[in-house]
Amino acid sequence: MEFYVDLNSDIGEGYGSYKLGMDDEIIKYVSSINLACGWHAGDPMIMDKTVKLAIENGVKVGAHPGYPDLLGFGRRAMTITREEAKNYMLYQTGALMAFAKANGTKLQHMKLHGGFYNKACVDPDLAAGIIDGIEALDKDIILMVLSGSYIAKEAKKRGLRVSEEVFADRGYNPDGTLVNRSQPGAFVKDIKDALPRVIRMIKEGKVTAVDGTDIDIKADSICVHGDNPKAMEFVQQIRAGLIEAGIEIKPVDEFIK
């Protein structure tokens, strides 16, 4: 059986003079990036520079819109409507589309950030707003969302291209959602634990949740967070380990139809 997966990272998450993550190095090991669009992090100069960097490294670009919450890095909860969800996503994705077009490329996908991502994965109104927006903007843009989530199922029902995402460095609840960052088991900090876990997700479609139970999971794309203190070690060893396990790494637009 042939196995393949996309390897992605959230990058471009500095702001002005503030730098976050190791973008110049991380980008050498992934096949796709999720580029901050200015509301939780990122700015026009970072967006332009990072699109150019992606092109130079043969990496696909995705928009990474968040809540309008620069101080909270987009991780705090917000109450927004279906229409606001649609337009918040469109506003930020549209900005990045301009930089992509100006540099001679196109957006491969759209992946929400932080609190926006987590809420839209389970909230019917927010999910509908995001799906409405992608339908109106460009149905060819792949929606990258949490594997097995409500939004993944609804987007597929409405005929959109969906990449189901898993996390190399995050813990899972029994319902398939991510363990809250403030709770025990939220992070997988040792590559010796992360690598076999990721390989099992791809080859067996299973992951062990924080309570010890096995749950079903689909791994189209693996996220390695660029702001993780061990990000470089994780991405290098996961890439090498996947290849050694006979898993091909390629961007999602090569296999999500």
# chains A, B, ... in the order shown; residues from 1 in each chain; ligands from 1
$ select_by_dssp --residues "segment 57-250 of chain A" --states "strand (DSSP E)" --output "PyMOL selection string"
chain A and resi 60-64+107-110+142-146+162-167+206-208+214-216+221-223+247-249
$ residues_around --residues "Ile131 of chain A" --least-positions-apart "5" --cutoff "9 Å" --atoms "only C-alpha atoms" --output "list of chain:residue names"
A:Lys86, A:Leu126, A:Ala136, A:Leu143, A:Ile151, A:Glu154, A:Ala155, A:Arg158, A:Leu160
$ atom_distance --atom1 "atom CA of Tyr150 of chain A" --atom2 "atom CA of Ile134 of chain A"
16.1 Å
$ closest_residue --among "A:Glu248, A:Asp10, A:Glu254, A:Asp123" --to "Gly62 of chain A" --atoms "only C-alpha atoms"
A:Asp10
$ closest_residue --among "A:Lys203, A:Arg75, A:Arg82, A:Lys157" --to "Gly129 of chain A" --atoms "only C-alpha atoms"
A:Arg82
$ residues_around --residues "segment 91-101 of chain A" --least-positions-apart "5" --cutoff "8 Å" --atoms "only C-alpha atoms" --output "PyMOL selection string"
chain A and resi 37-39+47-48+51+63-65+106-107+110
$ residues_around --residues "Val235 of chain A" --least-positions-apart "2" --cutoff "12 Å" --atoms "only C-alpha atoms" --output "PyMOL selection string"
chain A and resi 7-9+22-23+25-31+167-169+191+194-195+198+222-233+237-242
$ closest_residue --among "A:Ile247, A:Ala41, A:Val162, A:Ala186" --to "Arg200 of chain A" --atoms "only C-alpha atoms"
A:Ile247
$ select_by_dssp --residues "segment 60-115 of chain A" --states "alpha helix (DSSP H)" --output "PyMOL selection string"
chain A and resi 82-102+114-115
$ residues_around --residues "Glu13 of chain A" --least-positions-apart "3" --cutoff "8 Å" --atoms "only C-alpha atoms" --output "PyMOL selection string"
chain A and resi 10+19-21+35-36+40-42
$ closest_residue --among "A:Thr81, A:Ile33, A:Pro68, A:Lys156" --to "Lys111 of chain A" --atoms "only C-alpha atoms"
A:Ile33
$ atom_distance --atom1 "atom CA of Asp220 of chain A" --atom2 "atom CA of Lys49 of chain A"
27.2 Å
$ closest_residue --among "A:Ile215, A:Val166, A:Val61, A:Val179" --to "Asn103 of chain A" --atoms "only C-alpha atoms"
A:Val61
$ atom_distance --atom1 "atom CA of Lys139 of chain A" --atom2 "atom CA of Lys119 of chain A"
22.0 Å
$ closest_residue --among "A:Glu56, A:Gly104, A:His109, A:Met89" --to "Ala127 of chain A" --atoms "only C-alpha atoms"
A:Met89
$ residues_around --residues "Phe187 of chain A" --least-positions-apart "4" --cutoff "8 Å" --atoms "only C-alpha atoms" --output "ChimeraX atom specification"
/A:169-171,181
$ write_last_selection --atoms "N, CA and C atoms" --output "PDB file, in the first residue's frame"
ATOM      1  N   ASP A 169       2.546  17.283  17.780  1.00  0.00           N
ATOM      2  CA  ASP A 169       2.979  17.711  19.112  1.00  0.00           C
ATOM      3  C   ASP A 169       1.837  18.079  20.055  1.00  0.00           C
ATOM      4  N   ARG A 170       0.605  17.621  19.746  1.00  0.00           N
ATOM      5  CA  ARG A 170      -0.536  17.939  20.597  1.00  0.00           C
ATOM      6  C   ARG A 170      -1.270  16.673  21.035  1.00  0.00           C
ATOM      7  N   GLY A 171      -1.875  16.741  22.227  1.00  0.00           N
ATOM      8  CA  GLY A 171      -2.656  15.631  22.745  1.00  0.00           C
ATOM      9  C   GLY A 171      -4.100  15.703  22.277  1.00  0.00           C
ATOM     10  N   ARG A 181      -4.602  23.763  25.860  1.00  0.00           N
ATOM     11  CA  ARG A 181      -3.189  24.016  26.136  1.00  0.00           C
ATOM     12  C   ARG A 181      -2.872  24.159  27.625  1.00  0.00           C
TER      13      ARG A 181
END
